[in-house]
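Asker: Can you keep this structure in mind? I'll have questions shortly.
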Amino acid sequence: MATLNSADLIGSAQKIVIKIGSALLVENGALRVEWLQGLAGDVSNLRAAGKDVVLVSSGSIALGRAVLGMGSGALTLDKSQAAAAVGQIHLARAYQDILQPLGIKAAQVLLTLEDSQNRRRYLNTRATLAALLTMGVVPIVNENDTVATDEIRYGDNDRLAAQVASLIGADVLVLLSDVDGLYTKNPRDDSSAQHLPLVNEITAKINAMAGGVGSFGASGGMKTKLMAAKIAMNAGCAMAIVKGVENPVQALIDGAKCTWFRSDANPSQARKRWILAMKPAGALIIDAGAAAALGRGKSLLSAGVVRVEGKFERGDPVDIRAENHDVIAKGMVGYSHVEAKKLIGCHSNEIEQRLGYPGRSALVHRDDMAI
Ligand code: GLU
C-alpha cells in the first residue's frame, strides 16, 4: 500500500465524486452562498487539472421546507417529498448560478435506488453520466426524493454518493461532513476517542465504532458513512470523510485531518471482479477476428458475432465464447437476446436498418467486459 497522502490520492485521481450534506449547504433555511462559492472554486481547480467531477448534493428538503414555511419539526414522507420537489429547483439554480461564472456547465441528475439495482437502468445511467463527463459537464446528483418512497429509497446521500462513485468508476469519493473522520468512540462524549487516519476494511470492530444512526455526524450519521465506505471500497474507490470547512477540497489536499477508506483494488480491477462473479444469462459466440480485437482491448461489435445463445436483457451478464467453446470474456450485454440475434454479423452502420431504431455500436462495451 502506497503512503497515505490526500494530495497524492486526489492528484492521481481522474474521476472525483464530492458529497455535500444539507447541514453544510443550508443554515436556517438559507443557502450558505459563500461556502458554496468556495467549493465551486475547488471544483474549478479540479476541472482545470483535467479531472472529472461529480457533485452529490443534499439540501432539497431543507430548502423546500423553508420556502414552504414548514418549520423544523419532523415531516411525514409525503410532506418531505413535497418539500424536496420545491427545494430541488432552488438547489439546482444555486449550483447553476455559482458554477456558470466559472465557465462550468452543470447538469441536474436525479436518481433512485432502482437506477443502480436494475441493470438496464444502471447501464443507461452510467452511459449518460459518462457522456456528461466527456463533454466536460459537472453533474449535480441528488436522490429523486419526490418519487422515491420509503422502501425504494437510498434515504441518505452518503450511500447515494458511493453508488454514483461505483457507477462511474470514480477513483476518489470525498464526503464533506461536520466531522473530521472516524474515531474509535464518539469523540463528543468520550475524550479518550482516537482518530483513525486510515481504514482498509470495514470489520465488525470498525462498525461498532460508528454507534447508532445519527449518533454523530450529519443526517446519515457515521453508520451510513461506513456503509458508503463499503460500497466505495468494493468498487475500488478511495473514500475520505473530512470536515466541510471553507474551500474543503483544497483543505483536504493541504492535509486537513480526515479518515481515508481504501481497498487494494483500483476501480477497473474491482469492476472486472464484479463482472466475473456474475452468473451468465447467455452467450455470444464470436469469430477469430473479434476475439483478436477483444485481446487488444476493443469493445465487442456485432459484426464479429456468429451465434447468440440463451435469453437475456440489456445489462445482463453473458459469456463471450470462441467457436471452439473457449470462454474469452464475460460482460454486461448492451442488447437483449432478441436484438442481439437480429444483429448477428451486422456492421455498425447497418444497426438502425436491422433494428428499426438507432442503437449503440458495441454489443458489449469494453468497460463492461472482463477478459
Ligand atoms: N436527498 C435529501 C435532500 O436533498 C438528503 C438526503 C441526506 O441528507 O442524506 O434533502
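Each chain in the C-alpha cells gets a letter, A, B and so on, in the order shown; residues start at 1 in every chain, and ligands are counted from 1 in the order they appear.
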If you count only C-alpha atoms and all ligand atoms, which residues end up within 6 Å of ligand 1, as number ranges by chain?
Answerer: A: 21-22, 58-62, 142-143, 145, 155-158, 219-220
Asker: Save out the residues we just selected, N, CA and C atoms, as a short mmCIF file (atom, residue, chain, number, x, y, z; two decimals), in the first residue's frame.
Answerer:
data_model
loop_
_atom_site.label_atom_id
_atom_site.label_comp_id
_atom_site.auth_asym_id
_atom_site.auth_seq_id
_atom_site.Cartn_x
_atom_site.Cartn_y
_atom_site.Cartn_z
N GLY A 21 -23.45 17.59 2.24
CA GLY A 21 -24.63 17.36 3.08
C GLY A 21 -25.44 18.65 3.28
N SER A 22 -26.71 18.46 3.63
CA SER A 22 -27.61 19.61 3.84
C SER A 22 -27.08 20.57 4.90
N SER A 58 -27.14 17.20 -1.23
CA SER A 58 -28.40 17.21 -0.50
C SER A 58 -28.85 18.66 -0.41
N GLY A 59 -29.93 18.88 0.28
CA GLY A 59 -30.37 20.25 0.53
C GLY A 59 -31.75 20.55 0.00
N SER A 60 -32.30 19.66 -0.80
CA SER A 60 -33.61 19.99 -1.38
C SER A 60 -34.69 20.07 -0.32
N ILE A 61 -34.66 19.14 0.61
CA ILE A 61 -35.72 19.15 1.63
C ILE A 61 -35.53 20.36 2.56
N ALA A 62 -34.28 20.59 2.96
CA ALA A 62 -34.01 21.73 3.86
C ALA A 62 -34.41 23.05 3.21
N ASN A 142 -28.74 14.25 -7.02
CA ASN A 142 -29.45 14.09 -5.75
C ASN A 142 -30.38 12.91 -5.91
N GLU A 143 -30.91 12.43 -4.80
CA GLU A 143 -31.92 11.38 -4.93
C GLU A 143 -33.19 12.03 -5.46
N ASP A 145 -36.12 12.44 -4.64
CA ASP A 145 -36.92 12.28 -3.41
C ASP A 145 -38.42 12.32 -3.67
N GLY A 155 -32.32 7.05 0.86
CA GLY A 155 -32.62 7.69 2.14
C GLY A 155 -31.52 8.63 2.61
N ASP A 156 -30.32 8.34 2.26
CA ASP A 156 -29.23 9.23 2.65
C ASP A 156 -28.29 9.38 1.47
N ASN A 157 -27.73 10.55 1.36
CA ASN A 157 -26.86 10.79 0.20
C ASN A 157 -25.45 10.25 0.37
N ASP A 158 -25.12 9.73 1.57
CA ASP A 158 -23.81 9.09 1.73
C ASP A 158 -23.75 7.86 0.82
N SER A 219 -26.78 14.20 8.84
CA SER A 219 -28.06 13.48 8.78
C SER A 219 -27.94 11.96 8.87
N GLY A 220 -27.10 11.38 8.02
CA GLY A 220 -26.99 9.93 7.98
C GLY A 220 -26.18 9.37 9.14
#
Asker: Write down as number ranges by chain the residues of range 62-305 of chain A whose backbone DSSP state falls under helix (DSSP H, G or I).
Answerer: A: 62-67, 77-102, 114-117, 119-134, 150-152, 157-168, 204-210, 221-234, 248-253, 267-276, 288-295, 302-304
Asker: Of the candidates A:Asn5, A:Asn45, A:Ser348, A:Gln88, which one gets nearest to Arg65 in chain A if we count only C-alpha atoms?
Answerer: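 The shortest atom-to-atom distance to Arg65 in chain A comes from A:Gln88.
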Asker: Could you list, as a list in words, every residue within 7 Å of Ile285 in chain A, counting only C-alpha atoms and ignoring same-chain residues fewer than 2 positions away?
Answerer: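 Skipping anything fewer than 2 positions along the chain leaves Ala283, Val305, Val306, Arg307, Val308, Ile320, Arg321, Ala322 and Glu323 of chain A.
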Asker: Just to be explicit: take each residue in the selection above, keep all heavy atoms, and write the result as an mmCIF file, in the first residue's frame.
Answerer:
data_model
loop_
_atom_site.group_PDB
_atom_site.id
_atom_site.type_symbol
_atom_site.label_atom_id
_atom_site.label_comp_id
_atom_site.auth_asym_id
_atom_site.auth_seq_id
_atom_site.Cartn_x
_atom_site.Cartn_y
_atom_site.Cartn_z
ATOM 1 N N ALA A 283 -24.923 -16.460 -23.949
ATOM 2 C CA ALA A 283 -23.572 -16.372 -24.515
ATOM 3 C C ALA A 283 -23.602 -15.766 -25.915
ATOM 4 O O ALA A 283 -24.595 -15.899 -26.640
ATOM 5 C CB ALA A 283 -22.943 -17.760 -24.567
ATOM 6 N N VAL A 305 -20.020 -11.252 -34.247
ATOM 7 C CA VAL A 305 -20.831 -12.256 -33.552
ATOM 8 C C VAL A 305 -21.396 -13.259 -34.564
ATOM 9 O O VAL A 305 -21.967 -12.871 -35.581
ATOM 10 C CB VAL A 305 -21.983 -11.578 -32.766
ATOM 11 C CG1 VAL A 305 -22.904 -12.608 -32.124
ATOM 12 C CG2 VAL A 305 -21.406 -10.660 -31.701
ATOM 13 N N VAL A 306 -21.204 -14.552 -34.290
ATOM 14 C CA VAL A 306 -21.714 -15.560 -35.226
ATOM 15 C C VAL A 306 -22.932 -16.304 -34.681
ATOM 16 O O VAL A 306 -23.710 -16.872 -35.438
ATOM 17 C CB VAL A 306 -20.614 -16.581 -35.638
ATOM 18 C CG1 VAL A 306 -19.493 -15.888 -36.405
ATOM 19 C CG2 VAL A 306 -20.052 -17.299 -34.418
ATOM 20 N N ARG A 307 -23.130 -16.310 -33.348
ATOM 21 C CA ARG A 307 -24.279 -17.007 -32.776
ATOM 22 C C ARG A 307 -24.637 -16.390 -31.429
ATOM 23 O O ARG A 307 -23.771 -15.850 -30.735
ATOM 24 C CB ARG A 307 -23.918 -18.493 -32.585
ATOM 25 C CG ARG A 307 -25.125 -19.408 -32.669
ATOM 26 C CD ARG A 307 -24.779 -20.898 -32.796
ATOM 27 N NE ARG A 307 -24.092 -21.436 -31.653
ATOM 28 C CZ ARG A 307 -22.846 -21.930 -31.701
ATOM 29 N NH1 ARG A 307 -22.150 -21.928 -32.825
ATOM 30 N NH2 ARG A 307 -22.276 -22.409 -30.609
ATOM 31 N N VAL A 308 -25.931 -16.469 -31.083
ATOM 32 C CA VAL A 308 -26.395 -15.940 -29.800
ATOM 33 C C VAL A 308 -27.104 -17.068 -29.065
ATOM 34 O O VAL A 308 -27.970 -17.731 -29.644
ATOM 35 C CB VAL A 308 -27.365 -14.757 -30.030
ATOM 36 C CG1 VAL A 308 -28.028 -14.311 -28.724
ATOM 37 C CG2 VAL A 308 -26.631 -13.571 -30.671
ATOM 38 N N ILE A 320 -18.699 -14.546 -23.410
ATOM 39 C CA ILE A 320 -18.299 -14.306 -24.797
ATOM 40 C C ILE A 320 -17.364 -15.451 -25.151
ATOM 41 O O ILE A 320 -16.315 -15.606 -24.518
ATOM 42 C CB ILE A 320 -17.619 -12.934 -24.934
ATOM 43 C CG1 ILE A 320 -18.600 -11.837 -24.474
ATOM 44 C CG2 ILE A 320 -17.173 -12.699 -26.385
ATOM 45 C CD1 ILE A 320 -17.990 -10.452 -24.393
ATOM 46 N N ARG A 321 -17.799 -16.298 -26.113
ATOM 47 C CA ARG A 321 -17.049 -17.528 -26.391
ATOM 48 C C ARG A 321 -16.540 -17.577 -27.821
ATOM 49 O O ARG A 321 -17.131 -17.006 -28.733
ATOM 50 C CB ARG A 321 -17.948 -18.744 -26.168
ATOM 51 C CG ARG A 321 -18.362 -18.969 -24.724
ATOM 52 C CD ARG A 321 -18.659 -20.439 -24.450
ATOM 53 N NE ARG A 321 -19.528 -21.024 -25.442
ATOM 54 C CZ ARG A 321 -20.820 -21.263 -25.268
ATOM 55 N NH1 ARG A 321 -21.400 -20.968 -24.119
ATOM 56 N NH2 ARG A 321 -21.523 -21.796 -26.218
ATOM 57 N N ALA A 322 -15.448 -18.322 -27.988
ATOM 58 C CA ALA A 322 -14.933 -18.584 -29.336
ATOM 59 C C ALA A 322 -15.738 -19.741 -29.917
ATOM 60 O O ALA A 322 -16.452 -20.440 -29.189
ATOM 61 C CB ALA A 322 -13.457 -18.968 -29.253
ATOM 62 N N GLU A 323 -15.602 -19.960 -31.230
ATOM 63 C CA GLU A 323 -16.371 -21.035 -31.857
ATOM 64 C C GLU A 323 -15.953 -22.406 -31.329
ATOM 65 O O GLU A 323 -16.720 -23.350 -31.377
ATOM 66 C CB GLU A 323 -16.239 -20.941 -33.379
ATOM 67 C CG GLU A 323 -17.018 -19.715 -33.891
ATOM 68 C CD GLU A 323 -16.850 -19.477 -35.362
ATOM 69 O OE1 GLU A 323 -17.636 -20.044 -36.133
ATOM 70 O OE2 GLU A 323 -15.925 -18.732 -35.744
#
Asker: Neighbours of range 228-235 of chain A within 9 Å (only C-alpha atoms; same-chain residues fewer than 3 positions away dropped), as a VMD selection string?
Answerer: chain A and resid 158 to 163 165 to 167 169 to 173 200 to 202 223 to 225 238 to 240 261 to 271 274
Asker: In terms of the shortest atom-to-atom distance over only C-alpha atoms, which of A:Gly64, A:Gly38, A:Pro317, A:Gly295 is closest to Gln81 in chain A?
Answerer: A:Gly64
Asker: Just how far from CA of Gln37 in chain A is CA of Leu63 in chain A, in Å to one decimal?
Answerer: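 Atom-to-atom, CA of Leu63 in chain A to CA of Gln37 in chain A, that is 17.4 Å.
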Asker: What gap, in Å, lies between CA of Lys311 in chain A and CA of Ser336 in chain A?
Answerer: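 Between these atoms lies a distance of 7.7 Å.
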Asker: Among range 41-265 of chain A, which ones does DSSP assign to strand (DSSP E) (computed from the backbone)? Answer as a PyMOL selection string.
Answerer: chain A and resi 52-57+106-111+138-143+172-177+182-183+195-196+198-199+238-243+258-261
Asker: At a cut-off of 10 Å, using only C-alpha atoms, what residues contact Ser72 in chain A? Leave out same-chain residues fewer than 2 positions from it and give the result as a list in words.
Answerer: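 Once the adjacent positions are removed, what remains is Asn28, Gly29, Ala62, Arg65, Ala66, Gly69, Met70, Ala74 and Leu75 of chain A.
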Asker: What would the file look like if the residues just selected were written as a JSON list (two decimals), in the first residue's frame with C-alpha atoms?
Answerer:
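Listed below is the output, again_25.json:
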[["chain", "number", "residue", "atom", "x", "y", "z"],
["A", 28, "ASN", "CA", -31.69, 28.28, 8.98],
["A", 29, "GLY", "CA", -33.38, 27.62, 5.65],
["A", 62, "ALA", "CA", -34.01, 21.73, 3.86],
["A", 65, "ARG", "CA", -39.28, 23.31, 3.90],
["A", 66, "ALA", "CA", -38.06, 26.89, 4.38],
["A", 69, "GLY", "CA", -42.72, 27.63, 5.85],
["A", 70, "MET", "CA", -42.80, 24.10, 7.29],
["A", 74, "ALA", "CA", -40.44, 16.04, 11.73],
["A", 75, "LEU", "CA", -42.25, 15.77, 8.38]]
Asker: Any idea what's packed within 7 Å of range 94-103 of chain A, counting only C-alpha atoms, ignoring anything in its chain fewer than 2 positions away? Could you give it as number ranges by chain?
Answerer: A: 37, 40, 44, 90-92, 105-106
Asker: Which distance in Å separates CA of Val86 in chain A and CA of Ile20 in chain A, to one decimal?
Answerer: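 These atoms are spaced 18.8 Å apart.
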Asker: I want to know what sits within 12 Å of Thr128 in chain A, based on only C-alpha atoms, with residues of the same chain fewer than 3 positions away left out; could you give that as a list in words?
Answerer: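 Near Thr128 in chain A, the qualifying residues are Ala107, Gln108, Val109, Leu111, Asp115, Arg121, Tyr122, Leu123, Asn124, Thr125, Ala131, Leu132, Leu133, Thr134, Met135, Val137, Pro139, Leu167 and Ile168 of chain A.
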Asker: Would you save the residues from that selection as a compact mmCIF listing (two decimals), in the first residue's frame, using C-alpha atoms?
Answerer:
# COMPACT_ATOMS: atom_id res chain seq x y z
CA ALA A 107 -26.34 19.17 -15.15
CA GLN A 108 -29.07 18.03 -12.80
CA VAL A 109 -29.29 14.25 -12.33
CA LEU A 111 -31.56 9.15 -9.23
CA ASP A 115 -31.21 3.17 -11.15
CA ARG A 121 -31.18 1.35 -15.86
CA TYR A 122 -27.71 1.01 -14.38
CA LEU A 123 -26.19 0.87 -17.87
CA ASN A 124 -28.33 3.77 -19.06
CA THR A 125 -27.43 5.95 -16.08
CA ALA A 131 -21.48 11.35 -21.81
CA LEU A 132 -21.82 14.36 -19.49
CA LEU A 133 -18.27 13.91 -18.18
CA THR A 134 -16.88 13.53 -21.68
CA MET A 135 -18.47 16.88 -22.55
CA VAL A 137 -20.13 18.94 -17.63
CA PRO A 139 -23.32 16.56 -12.91
CA LEU A 167 -21.33 3.64 -11.21
CA ILE A 168 -18.87 6.00 -12.90
Asker: Which residue gives the smallest distance to Leu4 in chain A among A:Cys258, A:Leu363, A:Leu301, A:Val318, with only C-alpha atoms counted?
Answerer: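 Smallest separation from Leu4 in chain A among the options: A:Cys258.
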Asker: Between A:Val249, A:Ile104, A:Ala208, A:Leu113, which one has atoms that come closest to Trp35 in chain A, using only C-alpha atoms?
Answerer: A:Val249
Asker: Of the residues A:Asp287, A:Asp8, A:Asp42, A:Glu339, which is the one nearest to Val245 in chain A, using only C-alpha atoms?
Answerer: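 The closest residue to Val245 in chain A is A:Asp42.
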Asker: Of the candidates A:Ala23, A:Leu77, A:Met369, A:Ala303, which one gets nearest to Cys346 in chain A if we count only C-alpha atoms?
Answerer: A:Ala303
